[in-house]
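Comments concern the structure below.
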Amino acid sequence: MAESDKVFAGSIPKLYDTLMVPLIFEAYATELAELVASSSPGSVLETAAGSGVVTRLLAPKLRSDTRYVVTDLNQPMLDYAATRQGPDSRIEWQRADALDLPFEDASFDIVCCQFGAMFFPSRVAGYAEARRVLRPGGRFVFSVWDRIEENAFADDVTNAVATVFPQDPPRFLARTPHGYHDISLIREELNSAGFADINIATREKVSRAASARAAATAYCEGTPLRNEIEARDARLLQAATDRAAVAIASRHGEGPVAGKIQAHVVVAAG
Ligand SMILES: C[S@@+](CC[C@H](N)C(=O)[O-])C[C@H]1O[C@@H](n2cnc3c(N)ncnc32)[C@H](O)[C@@H]1O
């Protein structure tokens with residue numbers, strides 16, 4: 001993973017939350033929130049919470065006495081998430097690396113993490129850390145994207161932006177968000193971290209945007225793909241977004257667009 005892949009800062013938090021979240025994250029967050037809330041946990045730790053889409057959907061479903069600790073590596077994402085959340089005395093916001101959690105052993109009933117594990121430099125270390133802070137009988141609930149070919153707009157954008165930088169194509173989307181989709185590897189790494197009871201469900205959904213340009217702008221400007229494009233030539237950010245918009249429109253039409261998205265939802269215990 002490139003260093004810039006994990007940098008969600010500058011203009012990214014707001015664009016991520018306003019463009020990317022409704023496009024691909026919200027539908028999975030609804031499902032993850034239901035999964036977490038279904039066991040009425042007394043304590044929940046969320047890692048890699050980003051701009052807080054899961055937090056916003058999960059908090060109303062939790063008990064009035066549940067402790068809910070919401071963390072992310074990037075303080076700007078957490079700051080943005082906090083501004084979107086109404087006052088809630090159950091929530092504690094704290095910057096934390098999922099690989100080095102500042103919490104006691106066995107302190108949470110559930111650890112949840114939506115689309116964050118792909119960013120962990122060592123998945124086994126991140127999983128072991130989640131397991132360390134779980135109480136006996138606790139569950140680690142998380143999701144990762146499936147391969148990029150199963151995620152239409154991400155694939156279109158990656159191929160289109162590559163034509164702007166043919167010598168050195170930006171591969172952020174393929175390398176990181178869509179770079180960790182092998183179910184047998186996920187199982188193996190969870191086992192290595194000590195989890196024995198693992199359930200993985202592959203979930204297909206539809207991603208919708210008002211236009212091809214809105215989808216292209218979300219990926220090119222509201223994710224660390226932006227960092228990669230700007231590192232090559234900041235003046236070409238607009239050209240790259242334009243190229244991606246044309247590619248999406250050519251495959252999905254002018255006007256509102258819809259494309260397949262697919263992810264793995266994992267529940268690990270034991
Ligand atoms: C694709 S976003 C997902 C955010 C949110 N869970 C969502 O569903 O919208 C990935 C998040 O992982 C965070 N992240 C990256 N590396 C991390 C780490 N080592 N520990 C905790 N968070 C990390 C980033 O700051 C970013 O907010």
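Residue names in the structure tokens use chain letters A, B, ... in the order shown, residue numbers from 1 in each chain, and ligand numbers from 1 in the order shown.
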If the limit is 9 Å from any atom of ligand 1, counting only C-alpha atoms and all ligand atoms, which residues qualify? Return them as a PDB file with N, CA, C and O atoms, in the first residue's frame.
ATOM      1  N   ASP A   5      -2.276   6.280   0.371  1.00  0.00           N
ATOM      2  CA  ASP A   5      -3.556   5.552   0.351  1.00  0.00           C
ATOM      3  C   ASP A   5      -4.347   5.745   1.636  1.00  0.00           C
ATOM      4  O   ASP A   5      -5.581   5.652   1.634  1.00  0.00           O
ATOM      5  N   LYS A   6      -3.636   5.970   2.754  1.00  0.00           N
ATOM      6  CA  LYS A   6      -4.347   6.047   4.037  1.00  0.00           C
ATOM      7  C   LYS A   6      -4.576   7.489   4.489  1.00  0.00           C
ATOM      8  O   LYS A   6      -5.024   7.725   5.609  1.00  0.00           O
ATOM      9  N   VAL A   7      -4.270   8.448   3.606  1.00  0.00           N
ATOM     10  CA  VAL A   7      -4.436   9.853   3.985  1.00  0.00           C
ATOM     11  C   VAL A   7      -5.803  10.367   3.535  1.00  0.00           C
ATOM     12  O   VAL A   7      -6.048  10.605   2.359  1.00  0.00           O
ATOM     13  N   PHE A   8      -6.699  10.488   4.510  1.00  0.00           N
ATOM     14  CA  PHE A   8      -8.034  11.045   4.278  1.00  0.00           C
ATOM     15  C   PHE A   8      -8.030  12.393   4.996  1.00  0.00           C
ATOM     16  O   PHE A   8      -8.364  12.486   6.175  1.00  0.00           O
ATOM     17  N   ALA A   9      -7.630  13.446   4.282  1.00  0.00           N
ATOM     18  CA  ALA A   9      -7.480  14.755   4.917  1.00  0.00           C
ATOM     19  C   ALA A   9      -7.729  15.835   3.871  1.00  0.00           C
ATOM     20  O   ALA A   9      -8.092  15.535   2.737  1.00  0.00           O
ATOM     21  N   PRO A  13     -12.350  14.613   3.473  1.00  0.00           N
ATOM     22  CA  PRO A  13     -13.455  14.213   4.370  1.00  0.00           C
ATOM     23  C   PRO A  13     -14.820  14.703   3.915  1.00  0.00           C
ATOM     24  O   PRO A  13     -15.782  13.931   3.884  1.00  0.00           O
ATOM     25  N   TYR A  16     -15.744  13.059   0.532  1.00  0.00           N
ATOM     26  CA  TYR A  16     -16.002  11.647   0.816  1.00  0.00           C
ATOM     27  C   TYR A  16     -17.410  11.492   1.387  1.00  0.00           C
ATOM     28  O   TYR A  16     -18.209  10.669   0.929  1.00  0.00           O
ATOM     29  N   ASP A  17     -17.714  12.310   2.391  1.00  0.00           N
ATOM     30  CA  ASP A  17     -18.997  12.143   3.078  1.00  0.00           C
ATOM     31  C   ASP A  17     -20.181  12.541   2.195  1.00  0.00           C
ATOM     32  O   ASP A  17     -21.221  11.884   2.216  1.00  0.00           O
ATOM     33  N   MET A  20     -19.130  10.203  -1.793  1.00  0.00           N
ATOM     34  CA  MET A  20     -18.866   8.751  -1.775  1.00  0.00           C
ATOM     35  C   MET A  20     -19.842   7.986  -0.884  1.00  0.00           C
ATOM     36  O   MET A  20     -20.290   6.891  -1.224  1.00  0.00           O
ATOM     37  N   VAL A  21     -20.153   8.573   0.282  1.00  0.00           N
ATOM     38  CA  VAL A  21     -20.990   7.831   1.242  1.00  0.00           C
ATOM     39  C   VAL A  21     -22.351   7.467   0.648  1.00  0.00           C
ATOM     40  O   VAL A  21     -22.742   6.295   0.662  1.00  0.00           O
ATOM     41  N   ILE A  24     -21.789   4.614  -2.343  1.00  0.00           N
ATOM     42  CA  ILE A  24     -21.485   3.190  -2.123  1.00  0.00           C
ATOM     43  C   ILE A  24     -21.455   2.728  -0.661  1.00  0.00           C
ATOM     44  O   ILE A  24     -21.494   1.532  -0.399  1.00  0.00           O
ATOM     45  N   PHE A  25     -21.376   3.658   0.304  1.00  0.00           N
ATOM     46  CA  PHE A  25     -21.172   3.220   1.683  1.00  0.00           C
ATOM     47  C   PHE A  25     -22.459   3.095   2.505  1.00  0.00           C
ATOM     48  O   PHE A  25     -22.550   2.276   3.414  1.00  0.00           O
ATOM     49  N   GLU A  26     -23.432   3.934   2.179  1.00  0.00           N
ATOM     50  CA  GLU A  26     -24.610   4.021   3.036  1.00  0.00           C
ATOM     51  C   GLU A  26     -25.411   2.714   3.100  1.00  0.00           C
ATOM     52  O   GLU A  26     -25.849   2.285   4.170  1.00  0.00           O
ATOM     53  N   TYR A  28     -24.437  -0.338   2.678  1.00  0.00           N
ATOM     54  CA  TYR A  28     -23.769  -1.366   3.492  1.00  0.00           C
ATOM     55  C   TYR A  28     -23.769  -0.976   4.969  1.00  0.00           C
ATOM     56  O   TYR A  28     -23.825  -1.836   5.853  1.00  0.00           O
ATOM     57  N   ALA A  29     -23.728   0.327   5.241  1.00  0.00           N
ATOM     58  CA  ALA A  29     -23.743   0.785   6.645  1.00  0.00           C
ATOM     59  C   ALA A  29     -25.073   0.431   7.307  1.00  0.00           C
ATOM     60  O   ALA A  29     -25.112   0.063   8.483  1.00  0.00           O
ATOM     61  N   GLU A  46     -15.985   1.073  17.305  1.00  0.00           N
ATOM     62  CA  GLU A  46     -15.926   1.161  15.843  1.00  0.00           C
ATOM     63  C   GLU A  46     -14.541   1.644  15.451  1.00  0.00           C
ATOM     64  O   GLU A  46     -14.070   2.671  15.950  1.00  0.00           O
ATOM     65  N   THR A  47     -13.886   0.913  14.564  1.00  0.00           N
ATOM     66  CA  THR A  47     -12.576   1.342  14.074  1.00  0.00           C
ATOM     67  C   THR A  47     -12.723   1.800  12.625  1.00  0.00           C
ATOM     68  O   THR A  47     -13.662   1.404  11.926  1.00  0.00           O
ATOM     69  N   ALA A  48     -11.796   2.643  12.171  1.00  0.00           N
ATOM     70  CA  ALA A  48     -11.823   3.188  10.791  1.00  0.00           C
ATOM     71  C   ALA A  48     -13.216   3.742  10.473  1.00  0.00           C
ATOM     72  O   ALA A  48     -13.773   3.480   9.411  1.00  0.00           O
ATOM     73  N   ALA A  49     -13.745   4.515  11.389  1.00  0.00           N
ATOM     74  CA  ALA A  49     -15.135   4.997  11.274  1.00  0.00           C
ATOM     75  C   ALA A  49     -15.317   6.038  10.187  1.00  0.00           C
ATOM     76  O   ALA A  49     -16.449   6.325   9.784  1.00  0.00           O
ATOM     77  N   GLY A  50     -14.227   6.641   9.723  1.00  0.00           N
ATOM     78  CA  GLY A  50     -14.314   7.599   8.631  1.00  0.00           C
ATOM     79  C   GLY A  50     -15.198   8.782   8.977  1.00  0.00           C
ATOM     80  O   GLY A  50     -15.149   9.349  10.074  1.00  0.00           O
ATOM     81  N   SER A  51     -16.069   9.157   8.034  1.00  0.00           N
ATOM     82  CA  SER A  51     -16.923  10.333   8.237  1.00  0.00           C
ATOM     83  C   SER A  51     -18.194   9.966   8.994  1.00  0.00           C
ATOM     84  O   SER A  51     -19.115  10.781   9.094  1.00  0.00           O
ATOM     85  N   GLY A  52     -18.277   8.733   9.513  1.00  0.00           N
ATOM     86  CA  GLY A  52     -19.310   8.411  10.492  1.00  0.00           C
ATOM     87  C   GLY A  52     -20.629   7.878   9.965  1.00  0.00           C
ATOM     88  O   GLY A  52     -21.632   7.931  10.673  1.00  0.00           O
ATOM     89  N   VAL A  53     -20.631   7.316   8.758  1.00  0.00           N
ATOM     90  CA  VAL A  53     -21.926   6.844   8.245  1.00  0.00           C
ATOM     91  C   VAL A  53     -22.492   5.701   9.079  1.00  0.00           C
ATOM     92  O   VAL A  53     -23.694   5.675   9.385  1.00  0.00           O
ATOM     93  N   VAL A  54     -21.629   4.765   9.513  1.00  0.00           N
ATOM     94  CA  VAL A  54     -22.125   3.666  10.365  1.00  0.00           C
ATOM     95  C   VAL A  54     -22.567   4.233  11.708  1.00  0.00           C
ATOM     96  O   VAL A  54     -23.633   3.883  12.224  1.00  0.00           O
ATOM     97  N   THR A  55     -21.770   5.143  12.246  1.00  0.00           N
ATOM     98  CA  THR A  55     -22.096   5.737  13.552  1.00  0.00           C
ATOM     99  C   THR A  55     -23.488   6.358  13.533  1.00  0.00           C
ATOM    100  O   THR A  55     -24.290   6.157  14.458  1.00  0.00           O
ATOM    101  N   THR A  71     -13.695   5.455  16.505  1.00  0.00           N
ATOM    102  CA  THR A  71     -12.287   5.790  16.267  1.00  0.00           C
ATOM    103  C   THR A  71     -11.937   5.776  14.778  1.00  0.00           C
ATOM    104  O   THR A  71     -12.618   5.147  13.964  1.00  0.00           O
ATOM    105  N   ASP A  72     -10.866   6.476  14.440  1.00  0.00           N
ATOM    106  CA  ASP A  72     -10.297   6.440  13.091  1.00  0.00           C
ATOM    107  C   ASP A  72      -8.847   6.896  13.195  1.00  0.00           C
ATOM    108  O   ASP A  72      -8.481   7.626  14.114  1.00  0.00           O
ATOM    109  N   LEU A  73      -8.040   6.484  12.221  1.00  0.00           N
ATOM    110  CA  LEU A  73      -6.629   6.892  12.186  1.00  0.00           C
ATOM    111  C   LEU A  73      -6.504   8.387  11.883  1.00  0.00           C
ATOM    112  O   LEU A  73      -5.632   9.063  12.418  1.00  0.00           O
ATOM    113  N   ASN A  74      -7.375   8.885  10.987  1.00  0.00           N
ATOM    114  CA  ASN A  74      -7.270  10.273  10.519  1.00  0.00           C
ATOM    115  C   ASN A  74      -8.213  11.181  11.306  1.00  0.00           C
ATOM    116  O   ASN A  74      -9.432  11.100  11.146  1.00  0.00           O
ATOM    117  N   GLN A  75      -7.608  12.075  12.114  1.00  0.00           N
ATOM    118  CA  GLN A  75      -8.421  12.995  12.928  1.00  0.00           C
ATOM    119  C   GLN A  75      -9.387  13.838  12.076  1.00  0.00           C
ATOM    120  O   GLN A  75     -10.539  14.051  12.492  1.00  0.00           O
ATOM    121  N   PRO A  76      -8.994  14.299  10.862  1.00  0.00           N
ATOM    122  CA  PRO A  76      -9.944  15.107  10.070  1.00  0.00           C
ATOM    123  C   PRO A  76     -11.230  14.343   9.735  1.00  0.00           C
ATOM    124  O   PRO A  76     -12.308  14.945   9.666  1.00  0.00           O
ATOM    125  N   MET A  77     -11.144  13.035   9.525  1.00  0.00           N
ATOM    126  CA  MET A  77     -12.361  12.249   9.254  1.00  0.00           C
ATOM    127  C   MET A  77     -13.239  12.215  10.504  1.00  0.00           C
ATOM    128  O   MET A  77     -14.452  12.408  10.445  1.00  0.00           O
ATOM    129  N   LEU A  78     -12.596  11.982  11.638  1.00  0.00           N
ATOM    130  CA  LEU A  78     -13.335  11.892  12.899  1.00  0.00           C
ATOM    131  C   LEU A  78     -13.974  13.238  13.246  1.00  0.00           C
ATOM    132  O   LEU A  78     -15.128  13.294  13.691  1.00  0.00           O
ATOM    133  N   ARG A  95      -9.159   9.374  18.349  1.00  0.00           N
ATOM    134  CA  ARG A  95      -8.280   8.981  17.260  1.00  0.00           C
ATOM    135  C   ARG A  95      -7.555   7.699  17.673  1.00  0.00           C
ATOM    136  O   ARG A  95      -7.017   7.624  18.789  1.00  0.00           O
ATOM    137  N   ALA A  96      -7.566   6.670  16.812  1.00  0.00           N
ATOM    138  CA  ALA A  96      -6.872   5.430  17.158  1.00  0.00           C
ATOM    139  C   ALA A  96      -6.514   4.658  15.893  1.00  0.00           C
ATOM    140  O   ALA A  96      -7.305   4.583  14.945  1.00  0.00           O
ATOM    141  N   ASP A  97      -5.323   4.099  15.911  1.00  0.00           N
ATOM    142  CA  ASP A  97      -4.888   3.181  14.859  1.00  0.00           C
ATOM    143  C   ASP A  97      -5.473   1.812  15.205  1.00  0.00           C
ATOM    144  O   ASP A  97      -5.284   1.323  16.330  1.00  0.00           O
ATOM    145  N   ALA A  98      -6.160   1.192  14.249  1.00  0.00           N
ATOM    146  CA  ALA A  98      -6.797  -0.109  14.518  1.00  0.00           C
ATOM    147  C   ALA A  98      -5.772  -1.192  14.848  1.00  0.00           C
ATOM    148  O   ALA A  98      -6.129  -2.254  15.359  1.00  0.00           O
ATOM    149  N   LEU A  99      -4.498  -0.925  14.547  1.00  0.00           N
ATOM    150  CA  LEU A  99      -3.458  -1.905  14.857  1.00  0.00           C
ATOM    151  C   LEU A  99      -2.821  -1.674  16.214  1.00  0.00           C
ATOM    152  O   LEU A  99      -1.943  -2.446  16.632  1.00  0.00           O
ATOM    153  N   ASP A 100      -3.235  -0.612  16.894  1.00  0.00           N
ATOM    154  CA  ASP A 100      -2.623  -0.281  18.181  1.00  0.00           C
ATOM    155  C   ASP A 100      -3.675   0.440  19.019  1.00  0.00           C
ATOM    156  O   ASP A 100      -3.590   1.636  19.260  1.00  0.00           O
ATOM    157  N   LEU A 101      -4.681  -0.325  19.433  1.00  0.00           N
ATOM    158  CA  LEU A 101      -5.844   0.280  20.079  1.00  0.00           C
ATOM    159  C   LEU A 101      -5.542   0.667  21.529  1.00  0.00           C
ATOM    160  O   LEU A 101      -5.019  -0.165  22.288  1.00  0.00           O
ATOM    161  N   CYS A 112     -16.609  -3.169  15.407  1.00  0.00           N
ATOM    162  CA  CYS A 112     -17.080  -3.139  14.019  1.00  0.00           C
ATOM    163  C   CYS A 112     -16.196  -2.216  13.199  1.00  0.00           C
ATOM    164  O   CYS A 112     -15.592  -1.272  13.714  1.00  0.00           O
ATOM    165  N   CYS A 113     -16.135  -2.519  11.910  1.00  0.00           N
ATOM    166  CA  CYS A 113     -15.223  -1.789  11.031  1.00  0.00           C
ATOM    167  C   CYS A 113     -15.723  -1.919   9.594  1.00  0.00           C
ATOM    168  O   CYS A 113     -15.611  -2.994   8.995  1.00  0.00           O
ATOM    169  N   GLN A 114     -16.279  -0.845   9.061  1.00  0.00           N
ATOM    170  CA  GLN A 114     -16.783  -0.923   7.680  1.00  0.00           C
ATOM    171  C   GLN A 114     -15.716  -0.417   6.703  1.00  0.00           C
ATOM    172  O   GLN A 114     -15.306   0.749   6.745  1.00  0.00           O
ATOM    173  N   PHE A 115     -15.299  -1.271   5.798  1.00  0.00           N
ATOM    174  CA  PHE A 115     -14.375  -0.942   4.708  1.00  0.00           C
ATOM    175  C   PHE A 115     -13.100  -0.255   5.198  1.00  0.00           C
ATOM    176  O   PHE A 115     -12.630   0.720   4.604  1.00  0.00           O
ATOM    177  N   GLY A 116     -12.562  -0.795   6.310  1.00  0.00           N
ATOM    178  CA  GLY A 116     -11.307  -0.255   6.835  1.00  0.00           C
ATOM    179  C   GLY A 116     -10.161  -1.244   6.769  1.00  0.00           C
ATOM    180  O   GLY A 116      -9.001  -0.857   6.636  1.00  0.00           O
ATOM    181  N   ALA A 117     -10.464  -2.555   6.823  1.00  0.00           N
ATOM    182  CA  ALA A 117      -9.396  -3.564   6.951  1.00  0.00           C
ATOM    183  C   ALA A 117      -8.424  -3.537   5.772  1.00  0.00           C
ATOM    184  O   ALA A 117      -7.246  -3.875   5.921  1.00  0.00           O
ATOM    185  N   MET A 118      -8.917  -3.124   4.606  1.00  0.00           N
ATOM    186  CA  MET A 118      -8.039  -3.099   3.431  1.00  0.00           C
ATOM    187  C   MET A 118      -6.887  -2.113   3.610  1.00  0.00           C
ATOM    188  O   MET A 118      -5.884  -2.180   2.918  1.00  0.00           O
ATOM    189  N   PHE A 119      -7.073  -1.152   4.543  1.00  0.00           N
ATOM    190  CA  PHE A 119      -6.050  -0.129   4.766  1.00  0.00           C
ATOM    191  C   PHE A 119      -5.053  -0.549   5.846  1.00  0.00           C
ATOM    192  O   PHE A 119      -4.081   0.156   6.084  1.00  0.00           O
ATOM    193  N   PHE A 120      -5.311  -1.674   6.529  1.00  0.00           N
ATOM    194  CA  PHE A 120      -4.405  -2.083   7.600  1.00  0.00           C
ATOM    195  C   PHE A 120      -3.097  -2.600   6.987  1.00  0.00           C
ATOM    196  O   PHE A 120      -3.125  -3.499   6.137  1.00  0.00           O
ATOM    197  N   PRO A 121      -1.940  -2.080   7.440  1.00  0.00           N
ATOM    198  CA  PRO A 121      -0.671  -2.574   6.895  1.00  0.00           C
ATOM    199  C   PRO A 121      -0.479  -4.068   7.151  1.00  0.00           C
ATOM    200  O   PRO A 121       0.169  -4.758   6.365  1.00  0.00           O
ATOM    201  N   SER A 122      -1.023  -4.566   8.273  1.00  0.00           N
ATOM    202  CA  SER A 122      -1.047  -6.012   8.523  1.00  0.00           C
ATOM    203  C   SER A 122      -2.455  -6.359   8.984  1.00  0.00           C
ATOM    204  O   SER A 122      -2.896  -5.900  10.038  1.00  0.00           O
ATOM    205  N   GLY A 126      -4.161  -6.316  12.782  1.00  0.00           N
ATOM    206  CA  GLY A 126      -5.402  -5.571  13.045  1.00  0.00           C
ATOM    207  C   GLY A 126      -6.483  -6.469  13.608  1.00  0.00           C
ATOM    208  O   GLY A 126      -7.216  -6.083  14.532  1.00  0.00           O
ATOM    209  N   SER A 143     -16.542  -5.292   7.045  1.00  0.00           N
ATOM    210  CA  SER A 143     -16.785  -5.519   5.621  1.00  0.00           C
ATOM    211  C   SER A 143     -15.576  -5.090   4.806  1.00  0.00           C
ATOM    212  O   SER A 143     -14.813  -4.200   5.217  1.00  0.00           O
ATOM    213  N   PRO A 177      -8.695  -0.275  -1.765  1.00  0.00           N
ATOM    214  CA  PRO A 177     -10.081  -0.654  -1.404  1.00  0.00           C
ATOM    215  C   PRO A 177     -10.505  -1.985  -2.007  1.00  0.00           C
ATOM    216  O   PRO A 177     -11.233  -2.749  -1.376  1.00  0.00           O
ATOM    217  N   THR A 223     -11.633  10.632  -2.606  1.00  0.00           N
ATOM    218  CA  THR A 223     -10.912   9.471  -2.062  1.00  0.00           C
ATOM    219  C   THR A 223      -9.404   9.731  -2.223  1.00  0.00           C
ATOM    220  O   THR A 223      -9.009  10.659  -2.949  1.00  0.00           O
TER     221      THR A 223
END
Discussion item. Show me, as a PyMOL selection string, the residues that have an atom within 7 Å of segment 190-196 of chain A when counting only C-alpha atoms, minus same-chain residues fewer than 5 positions from it.
Written reply: chain A and resi 124+127-128+268-270
Produce a file of the selected residues containing C-alpha atoms, as an mmCIF file, in the first residue's frame.
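again-v3.cif, freshly written:
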data_model
loop_
_atom_site.group_PDB
_atom_site.id
_atom_site.type_symbol
_atom_site.label_atom_id
_atom_site.label_comp_id
_atom_site.auth_asym_id
_atom_site.auth_seq_id
_atom_site.Cartn_x
_atom_site.Cartn_y
_atom_site.Cartn_z
ATOM 1 C CA VAL A 124 -3.486 -10.251 11.005
ATOM 2 C CA TYR A 127 -7.604 -8.631 13.568
ATOM 3 C CA ALA A 128 -5.578 -9.751 16.600
ATOM 4 C CA ALA A 268 -15.829 -13.398 13.403
ATOM 5 C CA ALA A 269 -15.913 -14.745 16.947
ATOM 6 C CA GLY A 270 -14.203 -17.304 19.123
#
Fill in: strand (DSSP E) residues, from DSSP on the backbone, in segment 193-258 of chain A, as a VMD selection string
chain A and resid 197 to 209 257 to 258
Discussion item. What's around Ala210 of chain A at 9 Å? Count only C-alpha atoms, leave out sequence neighbours fewer than 4 positions away in its own chain, and write the answer as a VMD selection string.
Written reply: chain A and resid 214 to 215 255 to 258
Each residue of segment 133-175 of chain A with at least one atom at most 12 Å from segment 229-237 of chain A should appear once, together with its nearest atom pair and the corresponding distance in Å (one decimal); atoms considered: only C-alpha atoms; ordering: chain, then increasing residue number; output as a Markdown table.
| residue | atom | partner | partner_atom | distance |
| --- | --- | --- | --- | --- |
| A:Thr158 | CA | A:Ile229 | CA | 11.3 |
| A:Val161 | CA | A:Ile229 | CA | 8.6 |
| A:Ala162 | CA | A:Ile229 | CA | 10.0 |
| A:Thr163 | CA | A:Leu236 | CA | 11.7 |
| A:Val164 | CA | A:Leu236 | CA | 8.0 |
| A:Phe165 | CA | A:Arg232 | CA | 8.1 |
| A:Pro166 | CA | A:Arg232 | CA | 11.4 |
| A:Gln167 | CA | A:Arg232 | CA | 10.6 |
| A:Asp168 | CA | A:Arg232 | CA | 8.5 |
| A:Pro169 | CA | A:Ile229 | CA | 8.9 |
| A:Pro170 | CA | A:Ile229 | CA | 6.6 |
| A:Arg171 | CA | A:Ile229 | CA | 9.8 |
| A:Phe172 | CA | A:Ile229 | CA | 9.7 |
| A:Leu173 | CA | A:Ile229 | CA | 11.9 |
Discussion item. Between A:Val266, A:Ile91, A:Val36, A:Ala81, which residue has the minimum interatomic distance to Lys61 of chain A, considering only C-alpha atoms?
Written reply: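 Ranked by minimum distance to Lys61 of chain A, first place goes to A:Val36.
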Discussion item. Applying 12 Å and only C-alpha atoms, which residues near Ser250 of chain A remain after dropping the ones on its own chain fewer than 2 positions away? List them as a ChimeraX atom specification.
Written reply: /A:153,156-157,160,211-213,243-248,252-255,257
C-alpha atoms of the current selection, written as a PDB file, in the first residue's frame:
ATOM      1  CA  PHE A 153     -17.851   2.603 -11.339  1.00  0.00           C
ATOM      2  CA  ASP A 156     -14.521   2.388 -15.023  1.00  0.00           C
ATOM      3  CA  VAL A 157     -12.764   5.197 -13.143  1.00  0.00           C
ATOM      4  CA  ALA A 160     -10.251   5.875 -17.540  1.00  0.00           C
ATOM      5  CA  SER A 211     -24.967  11.669 -13.183  1.00  0.00           C
ATOM      6  CA  ALA A 212     -21.790  10.074 -14.495  1.00  0.00           C
ATOM      7  CA  ARG A 213     -19.959  13.273 -13.502  1.00  0.00           C
ATOM      8  CA  ARG A 243     -12.173  11.274 -18.566  1.00  0.00           C
ATOM      9  CA  ALA A 244     -13.778   9.157 -15.820  1.00  0.00           C
ATOM     10  CA  ALA A 245     -17.151  10.891 -16.328  1.00  0.00           C
ATOM     11  CA  VAL A 246     -17.061  10.161 -20.067  1.00  0.00           C
ATOM     12  CA  ALA A 247     -16.187   6.505 -19.397  1.00  0.00           C
ATOM     13  CA  ILE A 248     -19.036   6.057 -16.904  1.00  0.00           C
ATOM     14  CA  HIS A 252     -24.108   3.574 -17.947  1.00  0.00           C
ATOM     15  CA  GLY A 253     -25.745   6.389 -19.887  1.00  0.00           C
ATOM     16  CA  GLU A 254     -26.330  10.132 -19.610  1.00  0.00           C
ATOM     17  CA  GLY A 255     -28.522  11.306 -16.713  1.00  0.00           C
ATOM     18  CA  VAL A 257     -26.520   6.210 -13.505  1.00  0.00           C
TER      19      VAL A 257
END
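In terms of minimum interatomic distance to Gly137 of chain A, A:Ser39 ranks closest within A:Ser4, A:Ser39, A:Thr241, A:Thr30, counting only C-alpha atoms.
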Worksheet item: When you draw a straight line from atom CA of Leu35 of chain A to atom CA of Gly259 of chain A, how long is it in Å?
Response: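 Between atom CA of Leu35 of chain A and atom CA of Gly259 of chain A the gap is 24.8 Å.
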Worksheet, complete the sentence: Pairwise distance, atom CA of Ala174 of chain A with atom CA of Arg139 of chain A, equals 28.7 Å
Name the residues of segment 10-110 of chain A that fall into alpha helix (DSSP H) according to DSSP on the backbone, using the chain letters and numbers of this document, as a PDB file with C-alpha atoms, in the first residue's frame.
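What ended up in result.pdb:
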ATOM      1  CA  ILE A  12     -11.327  14.618   1.173  1.00  0.00           C
ATOM      2  CA  PRO A  13     -13.455  14.213   4.370  1.00  0.00           C
ATOM      3  CA  LYS A  14     -16.229  16.516   3.139  1.00  0.00           C
ATOM      4  CA  LEU A  15     -16.227  15.216  -0.450  1.00  0.00           C
ATOM      5  CA  GLU A  26     -24.610   4.021   3.036  1.00  0.00           C
ATOM      6  CA  ALA A  27     -26.418   0.874   1.913  1.00  0.00           C
ATOM      7  CA  TYR A  28     -23.769  -1.366   3.492  1.00  0.00           C
ATOM      8  CA  ALA A  29     -23.743   0.785   6.645  1.00  0.00           C
ATOM      9  CA  THR A  30     -27.472   0.203   7.097  1.00  0.00           C
ATOM     10  CA  GLU A  31     -26.887  -3.547   7.010  1.00  0.00           C
ATOM     11  CA  LEU A  32     -23.827  -3.429   9.271  1.00  0.00           C
ATOM     12  CA  ALA A  33     -25.702  -1.313  11.829  1.00  0.00           C
ATOM     13  CA  GLU A  34     -28.513  -3.874  11.931  1.00  0.00           C
ATOM     14  CA  LEU A  35     -26.032  -6.721  12.320  1.00  0.00           C
ATOM     15  CA  VAL A  36     -24.248  -4.995  15.216  1.00  0.00           C
ATOM     16  CA  ALA A  37     -27.425  -3.857  16.982  1.00  0.00           C
ATOM     17  CA  VAL A  53     -21.926   6.844   8.245  1.00  0.00           C
ATOM     18  CA  VAL A  54     -22.125   3.666  10.365  1.00  0.00           C
ATOM     19  CA  THR A  55     -22.096   5.737  13.552  1.00  0.00           C
ATOM     20  CA  ARG A  56     -25.082   7.792  12.402  1.00  0.00           C
ATOM     21  CA  LEU A  57     -27.066   4.679  11.543  1.00  0.00           C
ATOM     22  CA  LEU A  58     -25.988   2.518  14.466  1.00  0.00           C
ATOM     23  CA  GLN A  75      -8.421  12.995  12.928  1.00  0.00           C
ATOM     24  CA  PRO A  76      -9.944  15.107  10.070  1.00  0.00           C
ATOM     25  CA  MET A  77     -12.361  12.249   9.254  1.00  0.00           C
ATOM     26  CA  LEU A  78     -13.335  11.892  12.899  1.00  0.00           C
ATOM     27  CA  ASP A  79     -13.774  15.668  13.281  1.00  0.00           C
ATOM     28  CA  TYR A  80     -16.067  15.662  10.256  1.00  0.00           C
ATOM     29  CA  ALA A  81     -18.031  12.685  11.616  1.00  0.00           C
ATOM     30  CA  ALA A  82     -18.520  14.435  14.968  1.00  0.00           C
ATOM     31  CA  THR A  83     -19.976  17.526  13.251  1.00  0.00           C
ATOM     32  CA  ARG A  84     -22.580  15.333  11.541  1.00  0.00           C
TER      33      ARG A  84
END
